[in-house]
Amino acid sequence: MKKFSFDDLRNKVCVMTGGSGVIGFAIVEALASAGVKTAILSRDKTKTTKKINSLLNGNSYVIAVEADILSKSSLAEAKKEVNEKFGRINFLINCAGGNYPKATTADEKFNPDAYEKSFFGLGIEDIQKVFDLNFQGTLIPTMVFAEDMIENKNGVVLNISSVSSFNPLTKVSAYSAAKAAINNFTKWLAVHLAESHIRVNAIAPGFILSEQNRFLLLDKETGNLSQRGSKIISSTPMKRFIDAEEIQGAALFLLSDLSKAVTGIVLPVDGGFTAYSGV
């Protein structure tokens, strides 16, 4: 009887953006356990290296490489370093992303008494930062690192989206729109590269408590669920937030040959949030 495993991932080379974040580092841990040689792109190489040494005991399969994900020339230099240390690149995981408080409205619905804190008071520069980090931060690294996959005639690009890409969440219009753009780009690129034997998919994580969203989901004074946090839990069939480690299996599956006929999908890992109609 045929045995199924992630052994096909061993000694493959992966580049990862956003690898020092909550979701990203959980995926890095899974990659390390599967024997994937992983290069985490970071603007603070020293800090990321310390995290690797602390949490992964200096695993030689995981390194930090300095790069600015919004600079094509910086990424090209990073690619040279990865190629020298690990070889040609098989996988790219675009995990860099996030939101900015100044690109977030104060209320879920327009309040004429808080005009400046509504949609009409959002900073254009802050909205642009959200789009740059999430969408451009996915598109530009793909332009650089997928070139090795073209030469290999094989590879996988895995993007990290969000449940807010399906049905936009209140308050975070820029973030939701940027993640929706990632979904669209994922499907477009999957078609574009299919005959080059490169698969392109995305994972849409549900709600994970992190430093980026803690101010939205928890009450600052009590630490209890905020009104928004309560709404999320009540709309999640599993009645809880998601743990970053619960993204690991989905990531390994989409990288491995176990999913070799899967391309152009956005896979929710959300405790049922996107499946629930509210009734």
# chains A, B, ... in the order shown; residues from 1 in each chain; ligands from 1
>>> residues_around(residues="region 92-97 of chain A", least_positions_apart="4", cutoff="8 Å", atoms="only C-alpha atoms", output="list in words")
Cys14, Val15, Met16, Thr17, Gly18, Gly19, Ile23, Gly24, Val130, Leu133, Asn134, Gly137, Thr138, Pro141, Thr142, Phe145, Ala146, Val156, Val157, Leu158, Asn159 and Ile160 of chain A
>>> write_last_selection(atoms="N, CA and C atoms", output="PDB file, in the first residue's frame")
ATOM      1  N   CYS A  14      13.149  27.060   0.143  1.00  0.00           N
ATOM      2  CA  CYS A  14      12.002  27.960   0.257  1.00  0.00           C
ATOM      3  C   CYS A  14      12.455  29.348   0.690  1.00  0.00           C
ATOM      4  N   VAL A  15      11.921  30.352   0.029  1.00  0.00           N
ATOM      5  CA  VAL A  15      12.099  31.739   0.462  1.00  0.00           C
ATOM      6  C   VAL A  15      10.797  32.196   1.086  1.00  0.00           C
ATOM      7  N   MET A  16      10.893  32.893   2.200  1.00  0.00           N
ATOM      8  CA  MET A  16       9.689  33.308   2.905  1.00  0.00           C
ATOM      9  C   MET A  16       9.764  34.752   3.344  1.00  0.00           C
ATOM     10  N   THR A  17       8.725  35.518   3.009  1.00  0.00           N
ATOM     11  CA  THR A  17       8.603  36.880   3.529  1.00  0.00           C
ATOM     12  C   THR A  17       7.700  36.828   4.762  1.00  0.00           C
ATOM     13  N   GLY A  18       7.895  37.758   5.670  1.00  0.00           N
ATOM     14  CA  GLY A  18       7.064  37.778   6.871  1.00  0.00           C
ATOM     15  C   GLY A  18       7.267  36.573   7.759  1.00  0.00           C
ATOM     16  N   GLY A  19       8.432  35.962   7.662  1.00  0.00           N
ATOM     17  CA  GLY A  19       8.676  34.722   8.394  1.00  0.00           C
ATOM     18  C   GLY A  19       8.906  34.887   9.876  1.00  0.00           C
ATOM     19  N   ILE A  23       2.174  34.070  12.246  1.00  0.00           N
ATOM     20  CA  ILE A  23       1.822  33.031  11.276  1.00  0.00           C
ATOM     21  C   ILE A  23       3.069  32.538  10.555  1.00  0.00           C
ATOM     22  N   GLY A  24       3.899  33.487  10.127  1.00  0.00           N
ATOM     23  CA  GLY A  24       5.078  33.129   9.359  1.00  0.00           C
ATOM     24  C   GLY A  24       6.006  32.190  10.086  1.00  0.00           C
ATOM     25  N   VAL A 130      -0.745  50.102   3.435  1.00  0.00           N
ATOM     26  CA  VAL A 130      -1.402  48.806   3.580  1.00  0.00           C
ATOM     27  C   VAL A 130      -1.356  48.037   2.261  1.00  0.00           C
ATOM     28  N   LEU A 133       2.358  46.959   1.494  1.00  0.00           N
ATOM     29  CA  LEU A 133       2.815  45.847   2.323  1.00  0.00           C
ATOM     30  C   LEU A 133       2.170  44.535   1.907  1.00  0.00           C
ATOM     31  N   ASN A 134       0.867  44.555   1.689  1.00  0.00           N
ATOM     32  CA  ASN A 134       0.153  43.310   1.416  1.00  0.00           C
ATOM     33  C   ASN A 134       0.209  42.894  -0.052  1.00  0.00           C
ATOM     34  N   GLY A 137       3.849  43.688  -1.707  1.00  0.00           N
ATOM     35  CA  GLY A 137       4.751  42.805  -0.980  1.00  0.00           C
ATOM     36  C   GLY A 137       4.563  41.347  -1.327  1.00  0.00           C
ATOM     37  N   THR A 138       3.542  41.043  -2.098  1.00  0.00           N
ATOM     38  CA  THR A 138       3.335  39.698  -2.643  1.00  0.00           C
ATOM     39  C   THR A 138       3.779  39.646  -4.100  1.00  0.00           C
ATOM     40  N   PRO A 141       8.100  40.185  -4.729  1.00  0.00           N
ATOM     41  CA  PRO A 141       8.917  38.996  -4.460  1.00  0.00           C
ATOM     42  C   PRO A 141       8.648  37.856  -5.449  1.00  0.00           C
ATOM     43  N   THR A 142       7.404  37.726  -5.889  1.00  0.00           N
ATOM     44  CA  THR A 142       7.087  36.665  -6.842  1.00  0.00           C
ATOM     45  C   THR A 142       7.808  36.896  -8.165  1.00  0.00           C
ATOM     46  N   PHE A 145      11.652  35.763  -7.232  1.00  0.00           N
ATOM     47  CA  PHE A 145      12.006  34.409  -6.801  1.00  0.00           C
ATOM     48  C   PHE A 145      11.384  33.304  -7.652  1.00  0.00           C
ATOM     49  N   ALA A 146      10.310  33.599  -8.359  1.00  0.00           N
ATOM     50  CA  ALA A 146       9.709  32.577  -9.219  1.00  0.00           C
ATOM     51  C   ALA A 146      10.531  32.334 -10.482  1.00  0.00           C
ATOM     52  N   VAL A 156       6.315  26.101  -6.392  1.00  0.00           N
ATOM     53  CA  VAL A 156       5.054  26.477  -5.753  1.00  0.00           C
ATOM     54  C   VAL A 156       5.191  27.881  -5.165  1.00  0.00           C
ATOM     55  N   VAL A 157       4.212  28.717  -5.458  1.00  0.00           N
ATOM     56  CA  VAL A 157       4.077  30.012  -4.802  1.00  0.00           C
ATOM     57  C   VAL A 157       2.868  29.911  -3.876  1.00  0.00           C
ATOM     58  N   LEU A 158       3.071  30.225  -2.614  1.00  0.00           N
ATOM     59  CA  LEU A 158       1.997  30.163  -1.625  1.00  0.00           C
ATOM     60  C   LEU A 158       1.830  31.542  -0.999  1.00  0.00           C
ATOM     61  N   ASN A 159       0.678  32.141  -1.207  1.00  0.00           N
ATOM     62  CA  ASN A 159       0.384  33.466  -0.666  1.00  0.00           C
ATOM     63  C   ASN A 159      -0.459  33.350   0.602  1.00  0.00           C
ATOM     64  N   ILE A 160      -0.283  34.290   1.509  1.00  0.00           N
ATOM     65  CA  ILE A 160      -1.101  34.314   2.724  1.00  0.00           C
ATOM     66  C   ILE A 160      -2.099  35.455   2.607  1.00  0.00           C
TER      67      ILE A 160
END
>>> residues_around(residues="Asp257 (chain A)", least_positions_apart="6", cutoff="10 Å", atoms="only C-alpha atoms", output="ChimeraX atom specification")
/A:4-9
>>> select_by_dssp(residues="region 6-228 of chain A", states="strand (DSSP E or B)", output="ChimeraX atom specification")
/A:13-17,37-42,62-66,91-94,155-160,198-205,218,225
>>> write_last_selection(atoms="C-alpha atoms", output="PDB file, in the first residue's frame")
ATOM      1  CA  VAL A  13      14.591  25.448  -0.921  1.00  0.00           C
ATOM      2  CA  CYS A  14      12.002  27.960   0.257  1.00  0.00           C
ATOM      3  CA  VAL A  15      12.099  31.739   0.462  1.00  0.00           C
ATOM      4  CA  MET A  16       9.689  33.308   2.905  1.00  0.00           C
ATOM      5  CA  THR A  17       8.603  36.880   3.529  1.00  0.00           C
ATOM      6  CA  LYS A  37      15.884  24.765   3.603  1.00  0.00           C
ATOM      7  CA  THR A  38      14.234  28.080   4.406  1.00  0.00           C
ATOM      8  CA  ALA A  39      15.472  31.632   3.964  1.00  0.00           C
ATOM      9  CA  ILE A  40      13.482  34.216   5.912  1.00  0.00           C
ATOM     10  CA  LEU A  41      13.649  37.649   4.323  1.00  0.00           C
ATOM     11  CA  SER A  42      13.946  40.346   6.948  1.00  0.00           C
ATOM     12  CA  VAL A  62      16.777  28.105   8.441  1.00  0.00           C
ATOM     13  CA  ILE A  63      18.616  31.368   7.800  1.00  0.00           C
ATOM     14  CA  ALA A  64      17.781  35.061   7.794  1.00  0.00           C
ATOM     15  CA  VAL A  65      18.546  37.106   4.692  1.00  0.00           C
ATOM     16  CA  GLU A  66      18.373  40.886   4.713  1.00  0.00           C
ATOM     17  CA  PHE A  91       9.072  27.471  -3.052  1.00  0.00           C
ATOM     18  CA  LEU A  92       8.077  31.038  -2.253  1.00  0.00           C
ATOM     19  CA  ILE A  93       5.764  31.861   0.642  1.00  0.00           C
ATOM     20  CA  ASN A  94       4.490  35.438   0.632  1.00  0.00           C
ATOM     21  CA  GLY A 155       7.707  25.123  -8.083  1.00  0.00           C
ATOM     22  CA  VAL A 156       5.054  26.477  -5.753  1.00  0.00           C
ATOM     23  CA  VAL A 157       4.077  30.012  -4.802  1.00  0.00           C
ATOM     24  CA  LEU A 158       1.997  30.163  -1.625  1.00  0.00           C
ATOM     25  CA  ASN A 159       0.384  33.466  -0.666  1.00  0.00           C
ATOM     26  CA  ILE A 160      -1.101  34.314   2.724  1.00  0.00           C
ATOM     27  CA  ILE A 198       4.340  26.152 -11.215  1.00  0.00           C
ATOM     28  CA  ARG A 199       1.404  26.003  -8.822  1.00  0.00           C
ATOM     29  CA  VAL A 200       0.053  29.119  -7.099  1.00  0.00           C
ATOM     30  CA  ASN A 201      -2.310  28.945  -4.122  1.00  0.00           C
ATOM     31  CA  ALA A 202      -3.199  30.937  -1.027  1.00  0.00           C
ATOM     32  CA  ILE A 203      -4.224  30.312   2.564  1.00  0.00           C
ATOM     33  CA  ALA A 204      -6.783  32.584   4.226  1.00  0.00           C
ATOM     34  CA  PRO A 205      -6.231  32.349   7.990  1.00  0.00           C
ATOM     35  CA  LEU A 218      -9.533  42.733  23.273  1.00  0.00           C
ATOM     36  CA  LEU A 225     -13.120  40.278  24.483  1.00  0.00           C
TER      37      LEU A 225
END
>>> residues_around(residues="Ser73 (chain A)", least_positions_apart="5", cutoff="12 Å", atoms="only C-alpha atoms", output="number ranges by chain")
A: 67-68, 78-80, 140-141, 143-145
>>> write_last_selection(atoms="N, CA and C atoms", output="mmCIF file, in the first residue's frame")
data_model
loop_
_atom_site.group_PDB
_atom_site.id
_atom_site.type_symbol
_atom_site.label_atom_id
_atom_site.label_comp_id
_atom_site.auth_asym_id
_atom_site.auth_seq_id
_atom_site.Cartn_x
_atom_site.Cartn_y
_atom_site.Cartn_z
ATOM 1 N N ALA A 67 16.600 41.919 3.393
ATOM 2 C CA ALA A 67 15.956 42.357 2.159
ATOM 3 C C ALA A 67 14.791 43.282 2.466
ATOM 4 N N ASP A 68 14.500 44.128 1.499
ATOM 5 C CA ASP A 68 13.309 44.977 1.522
ATOM 6 C C ASP A 68 12.360 44.415 0.481
ATOM 7 N N ALA A 78 19.137 39.529 -2.446
ATOM 8 C CA ALA A 78 18.785 38.454 -1.511
ATOM 9 C C ALA A 78 18.740 37.108 -2.223
ATOM 10 N N LYS A 79 18.224 37.106 -3.432
ATOM 11 C CA LYS A 79 18.150 35.865 -4.227
ATOM 12 C C LYS A 79 19.543 35.297 -4.481
ATOM 13 N N LYS A 80 20.493 36.163 -4.787
ATOM 14 C CA LYS A 80 21.864 35.706 -5.000
ATOM 15 C C LYS A 80 22.393 35.002 -3.758
ATOM 16 N N ILE A 140 5.887 41.730 -5.934
ATOM 17 C CA ILE A 140 7.293 41.975 -6.271
ATOM 18 C C ILE A 140 8.195 40.778 -5.927
ATOM 19 N N PRO A 141 8.100 40.185 -4.729
ATOM 20 C CA PRO A 141 8.917 38.996 -4.460
ATOM 21 C C PRO A 141 8.648 37.856 -5.449
ATOM 22 N N MET A 143 7.890 38.152 -8.592
ATOM 23 C CA MET A 143 8.614 38.485 -9.825
ATOM 24 C C MET A 143 10.072 38.029 -9.759
ATOM 25 N N VAL A 144 10.658 38.150 -8.577
ATOM 26 C CA VAL A 144 12.081 37.847 -8.418
ATOM 27 C C VAL A 144 12.325 36.352 -8.199
ATOM 28 N N PHE A 145 11.652 35.763 -7.232
ATOM 29 C CA PHE A 145 12.006 34.409 -6.801
ATOM 30 C C PHE A 145 11.384 33.304 -7.652
#
>>> closest_residue(among="A:Arg228, A:Lys153, A:Lys3, A:Lys47", to="Phe215 (chain A)", atoms="only C-alpha atoms")
A:Arg228
>>> atom_distance(atom1="CA of Thr236 (chain A)", atom2="CA of Tyr276 (chain A)")
7.1 Å
>>> residues_around(residues="region 108-120 of chain A", least_positions_apart="4", cutoff="9 Å", atoms="only C-alpha atoms", output="PyMOL selection string")
chain A and resi 103-104+169-171+173
>>> atom_distance(atom1="CA of Lys12 (chain A)", atom2="CA of Val191 (chain A)")
23.6 Å
>>> atom_distance(atom1="CA of Ile182 (chain A)", atom2="CA of Leu252 (chain A)")
19.9 Å
>>> closest_residue(among="A:Ser176, A:Thr274, A:Ser71, A:Thr263", to="Gly206 (chain A)", atoms="only C-alpha atoms")
A:Thr274
>>> select_by_dssp(residues="region 79-211 of chain A", states="helix (DSSP H, G or I)", output="JSON, numbers by chain")
{"A": [79, 80, 81, 82, 83, 84, 85, 101, 102, 103, 112, 113, 114, 115, 116, 117, 119, 120, 121, 124, 125, 126, 127, 128, 129, 130, 131, 132, 133, 134, 135, 136, 137, 138, 139, 140, 141, 142, 143, 144, 145, 146, 147, 148, 149, 150, 151, 152, 163, 164, 165, 173, 174, 175, 176, 177, 178, 179, 180, 181, 182, 183, 184, 185, 186, 187, 188, 189, 190, 191, 192, 193, 194, 195, 196]}
>>> residues_around(residues="Tyr100 (chain A)", least_positions_apart="4", cutoff="12 Å", atoms="only C-alpha atoms", output="count of residues only")
25
>>> decode(residues="region 144-187 of chain A", atoms="N, CA and C atoms", output="compact mmCIF listing (two decimals), in the first residue's frame")
# COMPACT_ATOMS: atom_id res chain seq x y z
N VAL A 144 10.66 38.15 -8.58
CA VAL A 144 12.08 37.85 -8.42
C VAL A 144 12.32 36.35 -8.20
N PHE A 145 11.65 35.76 -7.23
CA PHE A 145 12.01 34.41 -6.80
C PHE A 145 11.38 33.30 -7.65
N ALA A 146 10.31 33.60 -8.36
CA ALA A 146 9.71 32.58 -9.22
C ALA A 146 10.53 32.33 -10.48
N GLU A 147 11.53 33.18 -10.74
CA GLU A 147 12.39 32.97 -11.91
C GLU A 147 13.12 31.63 -11.82
N ASP A 148 13.56 31.26 -10.61
CA ASP A 148 14.20 29.96 -10.44
C ASP A 148 13.24 28.83 -10.77
N MET A 149 11.98 29.01 -10.43
CA MET A 149 10.98 27.97 -10.70
C MET A 149 10.77 27.79 -12.19
N ILE A 150 10.86 28.89 -12.94
CA ILE A 150 10.76 28.81 -14.40
C ILE A 150 11.90 27.96 -14.95
N GLU A 151 13.10 28.19 -14.43
CA GLU A 151 14.26 27.42 -14.86
C GLU A 151 14.15 25.97 -14.42
N ASN A 152 13.60 25.75 -13.21
CA ASN A 152 13.43 24.39 -12.69
C ASN A 152 12.30 23.64 -13.40
N LYS A 153 11.40 24.41 -14.04
CA LYS A 153 10.17 23.87 -14.62
C LYS A 153 9.34 23.17 -13.55
N ASN A 154 9.37 23.77 -12.36
CA ASN A 154 8.63 23.21 -11.23
C ASN A 154 8.71 24.20 -10.08
N GLY A 155 7.66 24.26 -9.25
CA GLY A 155 7.71 25.12 -8.08
C GLY A 155 6.34 25.46 -7.56
N VAL A 156 6.32 26.10 -6.39
CA VAL A 156 5.05 26.48 -5.75
C VAL A 156 5.19 27.88 -5.17
N VAL A 157 4.21 28.72 -5.46
CA VAL A 157 4.08 30.01 -4.80
C VAL A 157 2.87 29.91 -3.88
N LEU A 158 3.07 30.23 -2.61
CA LEU A 158 2.00 30.16 -1.63
C LEU A 158 1.83 31.54 -1.00
N ASN A 159 0.68 32.14 -1.21
CA ASN A 159 0.38 33.47 -0.67
C ASN A 159 -0.46 33.35 0.60
N ILE A 160 -0.28 34.29 1.51
CA ILE A 160 -1.10 34.31 2.72
C ILE A 160 -2.10 35.46 2.61
N SER A 161 -3.35 35.10 2.55
CA SER A 161 -4.44 36.06 2.42
C SER A 161 -5.11 36.24 3.79
N SER A 162 -6.43 36.34 3.81
CA SER A 162 -7.17 36.54 5.06
C SER A 162 -8.64 36.24 4.80
N VAL A 163 -9.36 35.89 5.86
CA VAL A 163 -10.81 35.68 5.71
C VAL A 163 -11.51 36.98 5.32
N SER A 164 -10.87 38.11 5.61
CA SER A 164 -11.49 39.39 5.25
C SER A 164 -11.45 39.65 3.75
N SER A 165 -10.75 38.79 3.02
CA SER A 165 -10.70 38.94 1.56
C SER A 165 -11.99 38.47 0.90
N PHE A 166 -12.75 37.62 1.59
CA PHE A 166 -14.00 37.09 1.03
C PHE A 166 -15.17 38.04 1.29
N ASN A 167 -15.38 38.32 2.54
CA ASN A 167 -16.39 39.29 2.95
C ASN A 167 -15.68 40.36 3.77
N PRO A 168 -15.58 41.59 3.24
CA PRO A 168 -14.77 42.60 3.91
C PRO A 168 -15.25 42.89 5.33
N LEU A 169 -14.30 42.96 6.24
CA LEU A 169 -14.62 43.28 7.63
C LEU A 169 -14.81 44.78 7.79
N THR A 170 -15.67 45.16 8.68
CA THR A 170 -15.85 46.58 8.98
C THR A 170 -14.55 47.13 9.55
N LYS A 171 -14.38 48.40 9.44
CA LYS A 171 -13.24 49.18 9.97
C LYS A 171 -11.97 49.06 9.11
N VAL A 172 -11.70 47.91 8.53
CA VAL A 172 -10.41 47.70 7.85
C VAL A 172 -10.60 47.61 6.33
N SER A 173 -11.06 48.67 5.74
CA SER A 173 -11.37 48.66 4.30
C SER A 173 -10.14 48.43 3.45
N ALA A 174 -9.05 49.11 3.76
CA ALA A 174 -7.83 48.97 2.96
C ALA A 174 -7.25 47.56 3.07
N TYR A 175 -7.20 47.04 4.28
CA TYR A 175 -6.66 45.70 4.49
C TYR A 175 -7.50 44.65 3.76
N SER A 176 -8.81 44.74 3.88
CA SER A 176 -9.69 43.78 3.22
C SER A 176 -9.53 43.83 1.70
N ALA A 177 -9.45 45.05 1.16
CA ALA A 177 -9.31 45.21 -0.28
C ALA A 177 -7.96 44.69 -0.77
N ALA A 178 -6.91 44.93 0.01
CA ALA A 178 -5.57 44.46 -0.37
C ALA A 178 -5.51 42.93 -0.37
N LYS A 179 -6.14 42.31 0.62
CA LYS A 179 -6.16 40.84 0.67
C LYS A 179 -7.02 40.26 -0.45
N ALA A 180 -8.11 40.95 -0.80
CA ALA A 180 -8.93 40.51 -1.93
C ALA A 180 -8.11 40.56 -3.22
N ALA A 181 -7.26 41.58 -3.33
CA ALA A 181 -6.38 41.69 -4.49
C ALA A 181 -5.41 40.51 -4.56
N ILE A 182 -4.94 40.06 -3.41
CA ILE A 182 -4.06 38.89 -3.37
C ILE A 182 -4.78 37.65 -3.87
N ASN A 183 -6.03 37.47 -3.49
CA ASN A 183 -6.82 36.33 -3.98
C ASN A 183 -6.91 36.35 -5.50
N ASN A 184 -7.23 37.52 -6.04
CA ASN A 184 -7.37 37.66 -7.48
C ASN A 184 -6.04 37.39 -8.18
N PHE A 185 -4.97 37.94 -7.63
CA PHE A 185 -3.63 37.75 -8.20
C PHE A 185 -3.23 36.27 -8.13
N THR A 186 -3.57 35.60 -7.05
CA THR A 186 -3.27 34.18 -6.90
C THR A 186 -3.89 33.37 -8.03
N LYS A 187 -5.15 33.63 -8.32
CA LYS A 187 -5.83 32.89 -9.38
C LYS A 187 -5.27 33.25 -10.76
